[in-house]
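Asks: Take a look at coords_4.cif, mmCIF, C-alpha atoms and all ligand atoms:
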data_target
loop_
_atom_site.label_atom_id
_atom_site.label_comp_id
_atom_site.auth_asym_id
_atom_site.auth_seq_id
_atom_site.Cartn_x
_atom_site.Cartn_y
_atom_site.Cartn_z
CA MET A 57 103.48 126.05 102.77
CA SER A 58 104.31 122.78 101.18
CA SER A 59 102.72 121.81 97.91
CA TYR A 60 103.67 118.19 98.34
CA ALA A 61 100.79 116.37 96.73
CA PRO A 62 99.74 112.83 97.36
CA PRO A 63 100.28 110.44 94.47
CA ALA A 64 97.49 110.40 91.93
CA MET A 65 96.35 106.98 93.04
CA THR A 66 96.15 107.66 96.76
CA THR A 67 93.10 105.50 97.10
CA PRO A 68 94.44 102.10 96.17
CA THR A 69 92.30 100.44 93.54
CA THR A 70 92.61 97.24 95.51
CA SER A 71 91.44 98.69 98.78
CA THR A 72 89.03 96.24 100.30
CA GLY A 73 88.97 97.40 103.89
CA ARG A 74 90.51 94.08 104.86
CA PRO A 75 93.83 93.93 106.75
CA ARG A 76 96.79 93.31 104.50
CA ILE A 77 99.24 90.48 104.06
CA LEU A 78 102.55 90.67 102.28
CA THR A 79 104.88 87.79 101.65
CA GLY A 80 107.10 86.59 98.85
CA ASP A 81 109.69 84.33 97.29
CA THR A 82 113.12 84.93 95.80
CA PRO A 83 113.54 83.57 92.26
CA THR A 84 116.97 82.04 92.83
CA SER A 85 115.27 78.88 91.66
CA THR A 86 111.79 77.66 90.92
CA GLY A 87 110.19 74.42 91.87
CA LEU A 88 108.43 74.77 95.17
CA HIS A 89 108.22 71.66 97.33
CA LEU A 90 106.15 70.25 100.17
CA GLY A 91 108.24 72.19 102.73
CA HIS A 92 107.10 75.44 101.10
CA TRP A 93 103.53 74.21 101.08
CA VAL A 94 103.26 73.48 104.80
CA GLY A 95 105.56 76.36 105.76
CA SER A 96 103.83 79.18 103.96
CA LEU A 97 101.86 78.46 100.77
CA GLU A 98 99.03 76.72 102.54
CA ASN A 99 98.54 79.78 104.77
CA ARG A 100 98.61 82.09 101.77
CA VAL A 101 95.94 80.16 99.93
CA ARG A 102 93.74 80.00 102.99
CA LEU A 103 94.06 83.65 103.98
CA GLN A 104 93.15 85.15 100.60
CA ASP A 105 89.55 85.78 101.58
CA GLU A 106 90.17 87.28 104.97
CA TYR A 107 93.08 89.51 103.96
CA GLU A 108 94.02 91.78 101.11
CA CYS A 109 97.05 89.82 99.94
CA TYR A 110 100.21 90.98 98.20
CA PHE A 111 102.56 88.28 96.94
CA LEU A 112 105.98 89.50 95.91
CA VAL A 113 108.58 88.03 93.56
CA ALA A 114 111.82 89.32 95.06
CA ASN A 115 113.71 89.34 91.75
CA MET A 116 116.04 92.14 92.87
CA HIS A 117 117.15 89.91 95.76
CA ALA A 118 118.07 87.18 93.28
CA PHE A 119 120.71 89.59 91.92
CA THR A 120 122.44 89.65 95.31
CA THR A 121 123.84 86.15 94.70
CA MET A 122 123.55 85.67 90.92
CA ALA A 123 123.84 89.13 89.37
CA GLU A 124 125.25 87.90 86.07
CA LYS A 125 122.59 85.24 85.50
CA THR A 126 119.97 87.58 84.13
CA GLU A 127 118.30 85.07 81.83
CA GLN A 128 117.93 82.57 84.65
CA ILE A 129 116.50 85.14 87.04
CA ARG A 130 113.93 86.08 84.43
CA GLU A 131 112.96 82.45 83.82
CA ASN A 132 112.75 81.75 87.53
CA THR A 133 110.57 84.81 88.01
CA ILE A 134 108.02 83.47 85.56
CA GLY A 135 108.39 79.99 87.09
CA ILE A 136 107.60 81.26 90.59
CA VAL A 137 104.40 82.89 89.38
CA LYS A 138 103.41 79.62 87.69
CA ASP A 139 104.07 77.81 90.97
CA TRP A 140 101.81 80.28 92.76
CA LEU A 141 99.02 79.91 90.26
CA SER A 142 99.23 76.14 90.42
CA VAL A 143 98.87 76.01 94.21
CA GLY A 144 95.86 78.30 94.10
CA LEU A 145 97.06 81.83 94.72
CA ASP A 146 94.35 83.72 92.93
CA PRO A 147 95.20 86.81 90.86
CA GLU A 148 91.55 87.86 90.92
CA ARG A 149 91.64 88.27 94.69
CA SER A 150 95.32 88.90 95.39
CA VAL A 151 97.96 91.19 93.95
CA PHE A 152 101.15 89.72 92.47
CA VAL A 153 104.01 92.18 92.92
CA LEU A 154 107.16 92.23 90.82
CA GLN A 155 109.74 93.87 93.07
CA THR A 156 111.78 95.60 90.34
CA GLU A 157 108.69 97.42 89.06
CA ILE A 158 108.07 99.05 92.45
CA PRO A 159 110.56 101.92 92.82
CA ALA A 160 109.22 102.88 96.26
CA ILE A 161 110.74 99.66 97.65
CA ALA A 162 114.26 100.67 96.58
CA GLU A 163 113.82 104.18 97.99
CA LEU A 164 112.48 102.96 101.32
CA THR A 165 115.39 100.53 101.55
CA TRP A 166 117.81 103.48 101.73
CA TYR A 167 115.93 105.26 104.48
CA PHE A 168 115.44 102.06 106.47
CA ALA A 169 119.17 101.27 106.21
CA MET A 170 119.76 104.34 108.36
CA LEU A 171 117.50 103.04 111.12
CA LEU A 172 119.33 99.73 111.57
CA PRO A 173 122.71 99.32 113.22
CA PHE A 174 125.20 97.82 110.73
CA ASN A 175 126.06 95.03 113.16
CA ARG A 176 122.46 94.05 113.59
CA VAL A 177 122.22 93.34 109.87
CA MET A 178 125.53 91.48 109.79
CA ASN A 179 124.56 89.39 112.82
CA ASN A 180 121.15 88.49 111.44
CA PRO A 181 121.09 84.69 111.91
CA THR A 182 119.28 84.06 108.60
CA ILE A 183 121.99 85.97 106.72
CA LYS A 184 124.70 84.04 108.58
CA THR A 185 123.07 80.67 107.84
CA GLU A 186 122.74 81.55 104.18
CA ILE A 187 126.41 82.58 103.94
CA ASP A 188 127.26 79.15 105.39
CA MET A 189 124.79 77.08 103.41
CA LYS A 190 125.54 78.71 100.08
CA GLY A 191 129.28 78.64 100.79
CA LEU A 192 129.58 82.38 100.17
CA GLY A 193 132.65 82.69 102.43
CA ASP A 194 133.74 86.31 102.57
CA THR A 195 133.31 86.95 98.88
CA TYR A 196 129.64 87.87 98.91
CA SER A 197 128.57 91.17 97.46
CA PHE A 198 127.88 94.31 99.48
CA GLY A 199 124.32 93.92 98.27
CA PHE A 200 123.90 90.47 99.78
CA PRO A 201 123.34 91.47 103.43
CA MET A 202 121.56 94.55 102.12
CA TYR A 203 118.72 92.33 100.97
CA ALA A 204 117.65 91.92 104.60
CA VAL A 205 117.09 95.69 104.76
CA GLY A 206 115.38 95.50 101.39
CA GLN A 207 113.04 92.88 102.76
CA CYS A 208 111.92 95.34 105.45
CA ALA A 209 111.01 97.71 102.62
CA ASP A 210 109.24 94.94 100.64
CA ILE A 211 107.04 94.40 103.61
CA LEU A 212 106.51 97.91 104.93
CA ALA A 213 105.81 99.42 101.50
CA PHE A 214 102.49 97.60 101.73
CA ARG A 215 101.86 98.29 105.43
CA PRO A 216 100.63 94.76 106.14
CA GLU A 217 99.65 93.34 109.49
CA LEU A 218 100.68 89.79 108.78
CA VAL A 219 103.63 88.18 106.99
CA PRO A 220 103.13 84.43 106.39
CA VAL A 221 106.60 82.89 106.19
CA GLY A 222 108.57 79.77 107.03
CA GLU A 223 110.48 79.62 110.29
CA ASP A 224 113.76 80.48 108.54
CA GLN A 225 112.47 84.01 107.86
CA GLU A 226 111.66 84.89 111.45
CA ALA A 227 114.85 86.90 111.98
CA HIS A 228 113.99 89.06 108.98
CA ILE A 229 110.52 89.76 110.28
CA GLU A 230 112.02 90.71 113.65
CA MET A 231 114.25 93.23 111.88
CA CYS A 232 111.30 94.55 109.97
CA ARG A 233 109.39 95.05 113.20
CA ALA A 234 112.36 96.96 114.62
CA VAL A 235 112.44 99.23 111.55
CA ALA A 236 108.72 99.90 111.63
CA GLY A 237 108.81 100.74 115.33
CA LYS A 238 111.87 102.95 114.98
CA PHE A 239 110.41 104.85 112.01
CA ASN A 240 107.19 105.47 113.88
CA GLN A 241 109.12 106.75 116.88
CA VAL A 242 111.71 108.84 115.07
CA TYR A 243 109.54 110.41 112.37
CA CYS A 244 105.94 110.12 113.50
CA GLY A 245 106.26 111.14 117.13
CA VAL A 246 105.16 107.81 118.59
CA GLY A 247 106.35 107.61 122.20
CA ASN A 248 108.87 105.02 123.33
CA ARG A 249 106.40 103.48 125.73
CA VAL A 250 103.58 102.98 123.23
CA PRO A 251 103.11 99.23 122.72
CA VAL A 252 103.73 98.16 119.13
CA GLU A 253 100.12 97.14 118.57
CA GLU A 254 99.13 100.75 119.14
CA HIS A 255 101.68 102.50 116.96
CA VAL A 256 99.22 103.35 114.19
CA LYS A 257 96.66 104.67 116.62
CA ALA A 258 99.41 106.84 118.10
CA GLY A 259 100.20 108.38 114.70
CA GLY A 260 102.72 105.91 113.28
CA ILE A 261 102.62 105.22 109.54
CA PHE A 262 103.57 101.58 109.83
CA PRO A 263 101.65 98.83 111.55
CA VAL A 264 104.31 96.68 113.23
CA PRO A 265 103.71 93.44 111.31
CA ARG A 266 103.64 89.95 112.77
CA ALA A 267 105.10 86.79 111.26
CA LYS A 268 102.69 83.95 110.72
CA ILE A 269 104.63 80.70 110.76
CA GLY A 270 103.14 77.69 108.99
CA ARG A 271 101.39 74.73 110.60
CA VAL A 272 104.58 72.71 110.22
CA ALA A 273 107.51 75.01 110.96
CA ARG A 274 110.22 72.67 109.71
CA LEU A 275 109.40 69.76 107.43
CA PRO A 276 112.28 67.26 107.19
CA GLY A 277 113.33 66.00 103.79
CA ILE A 278 112.96 62.36 102.81
CA ASP A 279 116.47 61.73 104.21
CA GLY A 280 114.88 62.30 107.61
CA ILE A 281 117.81 64.44 108.72
CA ASN A 282 117.84 67.82 107.06
CA LYS A 283 115.15 70.35 106.35
CA MET A 284 113.49 69.68 103.00
CA SER A 285 115.47 71.60 100.44
CA LYS A 286 115.98 71.53 96.71
CA SER A 287 119.76 71.77 96.98
CA LEU A 288 120.00 68.80 99.36
CA GLY A 289 118.18 66.47 96.97
CA ASN A 290 115.70 65.41 99.65
CA ALA A 291 112.61 67.24 98.40
CA ILE A 292 109.24 66.19 97.06
CA PHE A 293 108.27 68.81 94.50
CA LEU A 294 104.76 70.01 93.90
CA THR A 295 105.28 69.07 90.23
CA ASP A 296 106.50 65.50 90.87
CA SER A 297 104.39 62.82 89.17
CA ALA A 298 102.20 60.58 91.32
CA LYS A 299 104.60 57.73 90.68
CA ASP A 300 107.65 59.74 91.72
CA VAL A 301 105.93 60.90 94.89
CA GLN A 302 105.23 57.32 95.94
CA LYS A 303 108.76 56.28 94.98
CA LYS A 304 110.26 59.03 97.12
CA ILE A 305 108.04 58.21 100.08
CA ASN A 306 109.01 54.55 99.75
CA LYS A 307 112.67 55.54 100.07
CA ILE A 308 112.15 56.83 103.59
CA THR A 309 113.92 54.60 106.09
CA THR A 310 113.08 54.24 109.76
CA GLY A 311 115.13 51.18 110.74
CA ARG A 312 111.98 49.47 111.98
CA GLN A 313 111.87 45.72 111.30
CA SER A 314 108.28 44.52 111.60
CA PRO A 315 104.66 45.72 111.96
CA THR A 316 104.59 44.46 115.53
CA GLU A 317 107.73 46.27 116.62
CA PRO A 318 106.79 49.41 118.62
CA GLY A 319 107.88 52.29 116.37
CA ASP A 320 109.28 55.72 117.20
CA VAL A 321 106.27 58.04 117.02
CA ASN A 322 108.57 61.00 116.38
CA ASN A 323 110.31 59.53 113.37
CA ILE A 324 110.16 61.10 109.95
CA LEU A 325 107.32 58.87 108.74
CA MET A 326 105.13 59.95 111.65
CA LYS A 327 106.10 63.59 111.08
CA PHE A 328 104.90 63.28 107.51
CA CYS A 329 101.66 61.69 108.74
CA GLU A 330 101.11 64.68 111.03
CA ALA A 331 101.76 67.03 108.14
CA PHE A 332 99.65 65.35 105.45
CA LEU A 333 96.94 63.17 107.00
CA THR A 334 93.94 64.41 108.93
CA GLU A 335 94.60 65.09 112.57
CA GLU A 336 92.43 62.16 113.69
CA ARG A 337 93.99 59.69 111.29
CA ALA A 338 97.51 60.79 112.20
CA ALA A 339 96.73 60.41 115.91
CA GLU A 340 95.33 56.92 115.39
CA LEU A 341 98.26 55.81 113.27
CA LYS A 342 100.71 57.17 115.82
CA ARG A 343 99.01 55.30 118.62
CA ARG A 344 99.06 52.02 116.74
CA TYR A 345 102.58 52.58 115.39
CA GLY A 346 103.96 53.31 118.85
CA ALA A 347 102.27 50.22 120.26
CA GLY A 348 103.45 47.92 117.47
CA ASP A 349 99.79 47.23 116.77
CA ASN A 350 100.25 45.46 113.48
CA ILE A 351 100.93 48.52 111.38
CA GLY A 352 103.83 48.27 108.97
CA ASP A 353 105.97 51.05 107.51
CA GLY A 354 104.90 49.89 104.05
CA HIS A 355 101.26 50.45 104.87
CA VAL A 356 101.95 53.91 106.29
CA LYS A 357 103.96 54.85 103.22
CA GLN A 358 101.18 53.79 100.89
CA GLU A 359 98.61 55.83 102.79
CA LEU A 360 100.94 58.84 102.91
CA GLY A 361 101.69 58.64 99.20
CA GLU A 362 97.99 58.61 98.40
CA ALA A 363 97.24 61.57 100.67
CA ILE A 364 100.08 63.64 99.23
CA ASN A 365 99.06 62.77 95.70
CA ALA A 366 95.48 63.81 96.43
CA LEU A 367 96.84 67.16 97.58
CA LEU A 368 99.11 67.57 94.55
CA GLU A 369 96.82 66.37 91.77
CA PRO A 370 94.83 69.61 91.33
CA MET A 371 98.11 71.55 91.44
CA ARG A 372 99.59 69.39 88.69
CA GLN A 373 96.53 69.93 86.55
CA ARG A 374 96.63 73.69 86.92
CA ARG A 375 100.36 73.70 86.27
CA ALA A 376 99.98 71.70 83.05
CA LYS A 377 97.79 74.46 81.64
CA LEU A 378 100.58 76.99 82.15
CA ASP A 379 103.26 75.06 80.29
CA GLY A 380 105.19 76.49 77.37
CA PRO A 381 105.50 79.94 75.78
CA GLU A 382 101.75 80.47 75.84
CA GLY A 383 101.83 80.11 79.63
CA ASP A 384 104.87 82.42 79.82
CA ARG A 385 102.98 85.10 77.91
CA MET A 386 99.98 84.78 80.13
CA VAL A 387 102.17 85.17 83.24
CA MET A 388 103.92 88.23 81.80
CA ASP A 389 100.57 89.86 81.08
CA LEU A 390 99.41 89.07 84.58
CA ILE A 391 102.51 90.58 86.18
CA ARG A 392 102.16 93.72 84.09
CA SER A 393 98.52 94.15 84.89
CA HIS A 394 99.22 94.00 88.62
CA VAL A 395 102.08 96.51 88.66
CA ARG A 396 99.72 99.48 88.80
CA LYS A 397 97.78 98.10 91.75
CA ALA A 398 100.99 97.43 93.65
CA ASN A 399 102.45 100.85 92.93
CA ALA A 400 99.26 102.51 94.07
CA VAL A 401 99.83 101.20 97.57
CA ALA A 402 103.62 101.49 97.65
CA GLU A 403 103.62 105.06 96.31
CA GLU A 404 101.13 106.06 98.94
CA THR A 405 103.41 104.62 101.62
CA LEU A 406 106.42 106.45 100.19
CA TYR A 407 104.45 109.68 100.11
CA LEU A 408 103.50 109.33 103.77
CA ALA A 409 107.02 108.30 104.78
CA LYS A 410 108.74 111.18 102.96
CA LYS A 411 106.30 113.63 104.38
CA ALA A 412 107.03 112.38 107.88
CA MET A 413 110.76 112.77 107.13
CA LYS A 414 110.27 116.37 105.94
CA LEU A 415 111.20 115.33 102.44
CA ASP A 416 107.99 116.62 100.97
CA PHE A 417 109.60 118.65 98.20
CA GLY A 418 107.83 117.53 95.08
CA ALA A 419 105.10 115.34 93.76
CA ARG A 420 105.52 112.53 91.31
CA THR A 421 103.30 110.05 89.59
CA ILE A 422 104.18 106.54 88.67
CA GLY A 423 101.84 104.73 86.33
N1 LIG A 501 113.69 86.29 101.73
C1 LIG A 501 112.50 85.53 101.46
C2 LIG A 501 112.91 84.08 101.19
O1 LIG A 501 114.03 83.84 100.80
C3 LIG A 501 111.72 86.07 100.29
C4 LIG A 501 111.19 87.46 100.53
C5 LIG A 501 111.62 88.62 99.96
C6 LIG A 501 110.14 87.80 101.42
N2 LIG A 501 110.89 89.66 100.41
C7 LIG A 501 109.97 89.22 101.30
C8 LIG A 501 109.31 87.06 102.30
C9 LIG A 501 109.04 89.88 102.08
C10 LIG A 501 108.39 87.74 103.06
C11 LIG A 501 108.26 89.14 102.96
O2 LIG A 501 112.08 83.21 101.32
#
Here is a file; write its structure as structure tokens.
Ligand code: TRP
Replies:
Amino acid sequence: MSSYAPPAMTTPTTSTGRPRILTGDTPTSTGLHLGHWVGSLENRVRLQDEYECYFLVANMHAFTTMAEKTEQIRENTIGIVKDWLSVGLDPERSVFVLQTEIPAIAELTWYFAMLLPFNRVMNNPTIKTEIDMKGLGDTYSFGFPMYAVGQCADILAFRPELVPVGEDQEAHIEMCRAVAGKFNQVYCGVGNRVPVEEHVKAGGIFPVPRAKIGRVARLPGIDGINKMSKSLGNAIFLTDSAKDVQKKINKITTGRQSPTEPGDVNNILMKFCEAFLTEERAAELKRRYGAGDNIGDGHVKQELGEAINALLEPMRQRRAKLDGPEGDRMVMDLIRSHVRKANAVAEETLYLAKKAMKLDFGARTIG
């Protein structure tokens, strides 16, 4: 007889009966921009009522590329939480998870690493793109590709149904789905033919989670060429002043000469209209723009600037309240107060997983 006992907090204090969401950000930098907003943040804010949400700061992942920059990782961690609060992620309704305070994630990472072929991790297109974009060559740490396995554990520790992410994360979610399915089959007796939606019903521990990609999968930067990105210098940040926002929008070039010249309705200006104006207004502008119906780029830019500023103004105001050491302290307190709630869920997952793996040797409690 096993005396393996469930963790003390088996009934999560946060349990709401709602399906769960988990998603997160890596604190390699702070300063979220409009690409993050339309790619993922907007979904997070909107889904907080319908779902029990867990938002994770992947600070351990930051060590995979900047292990020696401890002070910076710490600052960025606090900065990310401030970004979240300013866009409207609500710590009263949602749980903020600091990855390094959740030991179950690190443990699950080990077990999951055994369920993934080495080459599948190394051929993960998101990992490959990052090695290219960050110029990591062949000098990256062993831990760098490991983060993709870790991300499976970030997600599955909370057994969510939905993972709201930008398009660039799709490969990671695919891997996570493979791990969840494999675990359910290997350790929980779920048959090979059981469709993934029915894994839990068939005895699996892990729901096989789905990615939820944002309304705008890939927002171009103001250069009109690349994806919006801090490192490419083409981003509009959520903290930019109203004046800077308008200035940046005004910099957009389309090559169009006059308001009566039929414009390209797929150019960057029109893409921004689709992303930030109402659907009806964007459709009308596109029609007139394409027809050269007396609508100038300058006019469009003005209207866009105003719409974006209307979106950002409440965020700027909330952000201003979090400035300085007082704000830092408040964020630290918040993170600490949420650790228990997060561990309640993650420890329960670990308990179930180890039991399924016949590793039910001893109980433990993490406060
Ligand atoms: N890798 C993600 C990014 O760079 C951040 C992340 C870490 C994440 N763990 C996660 C996202 C779990 C979703 C789910 O954006």
Asks: Please return, as a PDB file with C-alpha atoms, in the coordinates of the input, all polymer residues that have at least one atom within 12 Å of the point (96.0, 87.3, 101.1); use all atoms listed in the file and the file's own coordinate frame.
Replies:
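Ended up saving to out29.pdb:
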ATOM      1  CA  THR A  70      92.610  97.240  95.510  1.00  0.00           C
ATOM      2  CA  THR A  72      89.030  96.240 100.300  1.00  0.00           C
ATOM      3  CA  ARG A  74      90.510  94.080 104.860  1.00  0.00           C
ATOM      4  CA  PRO A  75      93.830  93.930 106.750  1.00  0.00           C
ATOM      5  CA  ARG A  76      96.790  93.310 104.500  1.00  0.00           C
ATOM      6  CA  ILE A  77      99.240  90.480 104.060  1.00  0.00           C
ATOM      7  CA  LEU A  78     102.550  90.670 102.280  1.00  0.00           C
ATOM      8  CA  THR A  79     104.880  87.790 101.650  1.00  0.00           C
ATOM      9  CA  GLY A  80     107.100  86.590  98.850  1.00  0.00           C
ATOM     10  CA  SER A  96     103.830  79.180 103.960  1.00  0.00           C
ATOM     11  CA  LEU A  97     101.860  78.460 100.770  1.00  0.00           C
ATOM     12  CA  GLU A  98      99.030  76.720 102.540  1.00  0.00           C
ATOM     13  CA  ASN A  99      98.540  79.780 104.770  1.00  0.00           C
ATOM     14  CA  ARG A 100      98.610  82.090 101.770  1.00  0.00           C
ATOM     15  CA  VAL A 101      95.940  80.160  99.930  1.00  0.00           C
ATOM     16  CA  ARG A 102      93.740  80.000 102.990  1.00  0.00           C
ATOM     17  CA  LEU A 103      94.060  83.650 103.980  1.00  0.00           C
ATOM     18  CA  GLN A 104      93.150  85.150 100.600  1.00  0.00           C
ATOM     19  CA  ASP A 105      89.550  85.780 101.580  1.00  0.00           C
ATOM     20  CA  GLU A 106      90.170  87.280 104.970  1.00  0.00           C
ATOM     21  CA  TYR A 107      93.080  89.510 103.960  1.00  0.00           C
ATOM     22  CA  GLU A 108      94.020  91.780 101.110  1.00  0.00           C
ATOM     23  CA  CYS A 109      97.050  89.820  99.940  1.00  0.00           C
ATOM     24  CA  TYR A 110     100.210  90.980  98.200  1.00  0.00           C
ATOM     25  CA  PHE A 111     102.560  88.280  96.940  1.00  0.00           C
ATOM     26  CA  LEU A 112     105.980  89.500  95.910  1.00  0.00           C
ATOM     27  CA  GLY A 144      95.860  78.300  94.100  1.00  0.00           C
ATOM     28  CA  LEU A 145      97.060  81.830  94.720  1.00  0.00           C
ATOM     29  CA  ASP A 146      94.350  83.720  92.930  1.00  0.00           C
ATOM     30  CA  PRO A 147      95.200  86.810  90.860  1.00  0.00           C
ATOM     31  CA  GLU A 148      91.550  87.860  90.920  1.00  0.00           C
ATOM     32  CA  ARG A 149      91.640  88.270  94.690  1.00  0.00           C
ATOM     33  CA  SER A 150      95.320  88.900  95.390  1.00  0.00           C
ATOM     34  CA  VAL A 151      97.960  91.190  93.950  1.00  0.00           C
ATOM     35  CA  PHE A 152     101.150  89.720  92.470  1.00  0.00           C
ATOM     36  CA  PRO A 216     100.630  94.760 106.140  1.00  0.00           C
ATOM     37  CA  GLU A 217      99.650  93.340 109.490  1.00  0.00           C
ATOM     38  CA  LEU A 218     100.680  89.790 108.780  1.00  0.00           C
ATOM     39  CA  VAL A 219     103.630  88.180 106.990  1.00  0.00           C
ATOM     40  CA  PRO A 220     103.130  84.430 106.390  1.00  0.00           C
TER      41      PRO A 220
END
Asks: Counting all atoms listed in the file, which residue out of A:Lys286, A:Arg396, A:Arg271, A:Arg375 sits closest to Trp93 (chain A)?
Replies: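 For Trp93 (chain A), the nearest of the candidates is A:Arg271.
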Asks: Show me, as a tab-separated table, the residues of chain A having an atom within 9 Å of ligand LIG 501 (chain A), each with the closest atom pair and its distance in Å, using only C-alpha atoms and all ligand atoms.
Replies:
residue	atom	partner	partner_atom	distance
A:Leu78	CA	A:LIG501	C11	6.0
A:Thr79	CA	A:LIG501	C10	3.8
A:Gly80	CA	A:LIG501	C8	4.1
A:Asp81	CA	A:LIG501	C3	4.0
A:Thr82	CA	A:LIG501	C3	4.8
A:Pro83	CA	A:LIG501	O1	8.6
A:Thr84	CA	A:LIG501	O1	8.7
A:Phe111	CA	A:LIG501	C11	8.3
A:Leu112	CA	A:LIG501	N2	6.7
A:Val113	CA	A:LIG501	C5	7.1
A:Ala114	CA	A:LIG501	C5	5.0
A:Asn115	CA	A:LIG501	C5	8.5
A:His117	CA	A:LIG501	C5	7.1
A:Gln155	CA	A:LIG501	N2	8.5
A:Tyr203	CA	A:LIG501	N1	7.9
A:Ala204	CA	A:LIG501	N1	7.5
A:Gly206	CA	A:LIG501	N2	7.4
A:Gln207	CA	A:LIG501	N2	4.5
A:Cys208	CA	A:LIG501	C9	7.0
A:Ala209	CA	A:LIG501	C9	8.1
A:Asp210	CA	A:LIG501	C9	5.3
A:Ile211	CA	A:LIG501	C9	5.2
A:Leu212	CA	A:LIG501	C9	8.9
A:Val219	CA	A:LIG501	C10	6.2
A:Pro220	CA	A:LIG501	C10	7.1
A:Val221	CA	A:LIG501	C10	6.0
A:Gly222	CA	A:LIG501	O2	7.5
A:Asp224	CA	A:LIG501	O2	7.9
A:Gln225	CA	A:LIG501	C1	6.6
A:His228	CA	A:LIG501	N1	7.8
A:Ile229	CA	A:LIG501	C11	7.7
A:Ala267	CA	A:LIG501	C10	8.9
Asks: Go through A:Met116, A:Ala169, A:Leu367, A:Val356 and flag the residue nearest Thr295 (chain A), using only C-alpha atoms for the distances.
Replies: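 That would be A:Leu367, the residue with the smallest distance to Thr295 (chain A).
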Asks: Just to confirm, what's the straight-line distance from CA of Ile134 (chain A) to CA of Glu226 (chain A) in Å (one decimal)?
Replies: 26.2 Å
Asks: With all atoms listed in the file counted and 12 Å as the cut-off, give the residues of region 129-175 of chain A in contact with region 183-202 of chain A, each with its shortest interatomic distance in Å and the pair that gives it, as JSON lines.
Replies:
{"residue": "A:Ala162", "atom": "CA", "partner": "A:Met202", "partner_atom": "CA", "distance": 11.0}
{"residue": "A:Thr165", "atom": "CA", "partner": "A:Met202", "partner_atom": "CA", "distance": 8.6}
{"residue": "A:Trp166", "atom": "CA", "partner": "A:Met202", "partner_atom": "CA", "distance": 9.7}
{"residue": "A:Phe168", "atom": "CA", "partner": "A:Met202", "partner_atom": "CA", "distance": 10.6}
{"residue": "A:Ala169", "atom": "CA", "partner": "A:Met202", "partner_atom": "CA", "distance": 8.2}
{"residue": "A:Met170", "atom": "CA", "partner": "A:Met202", "partner_atom": "CA", "distance": 11.7}
{"residue": "A:Leu172", "atom": "CA", "partner": "A:Met202", "partner_atom": "CA", "distance": 11.0}
{"residue": "A:Phe174", "atom": "CA", "partner": "A:Pro201", "partner_atom": "CA", "distance": 9.9}
{"residue": "A:Asn175", "atom": "CA", "partner": "A:Pro201", "partner_atom": "CA", "distance": 10.7}
Asks: Between A:Gly91, A:Gly352, A:Pro62, A:Gly380, which has the minimum distance to Ile278 (chain A) (counting all atoms listed in the file)?
Replies: A:Gly91
Asks: Using all atoms listed in the file, can you tell me which of A:Lys257, A:Lys299, A:Arg233, A:Lys138 comes closest to Ile364 (chain A)?
Replies: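 Of all the options, A:Lys299 lies closest to Ile364 (chain A).
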Asks: Identify, on the basis of all atoms listed in the file, every residue whose closest approach to Ala298 (chain A) does not exceed 8 Å; exclude the query and any residue fewer than 3 positions from it along the same chain; express the result as a PyMOL selection string.
Replies: chain A and resi 301-302+365+369
Asks: Write out as a list in words the residues lying within 10 Å of Lys238 (chain A), counting only C-alpha atoms and excluding same-chain residues fewer than 6 positions away.
Replies: Phe168, Leu171, Leu172, Cys232, Cys244, Val246, Asn248, Gly260, Phe262 and Val264 of chain A
Asks: Measure the distance from CA of Leu360 (chain A) to CA of Cys329 (chain A) in Å and round it to one decimal.
Replies: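 Interatomic distance here is 6.5 Å.
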Asks: Which of these, A:Ser85, A:Asn399, A:Asn306, A:Thr405, has the shortest distance to Arg215 (chain A) once you count all atoms listed in the file?
Replies: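 Between A:Ser85, A:Asn399, A:Asn306, A:Thr405, the residue approaching Arg215 (chain A) most closely is A:Thr405.
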Asks: Please compute the CA of Ile391 (chain A)-CA of Asn132 (chain A) distance, one decimal, in Å.
Replies: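 Calculated distance between CA of Ile391 (chain A) and CA of Asn132 (chain A) is 13.6 Å.
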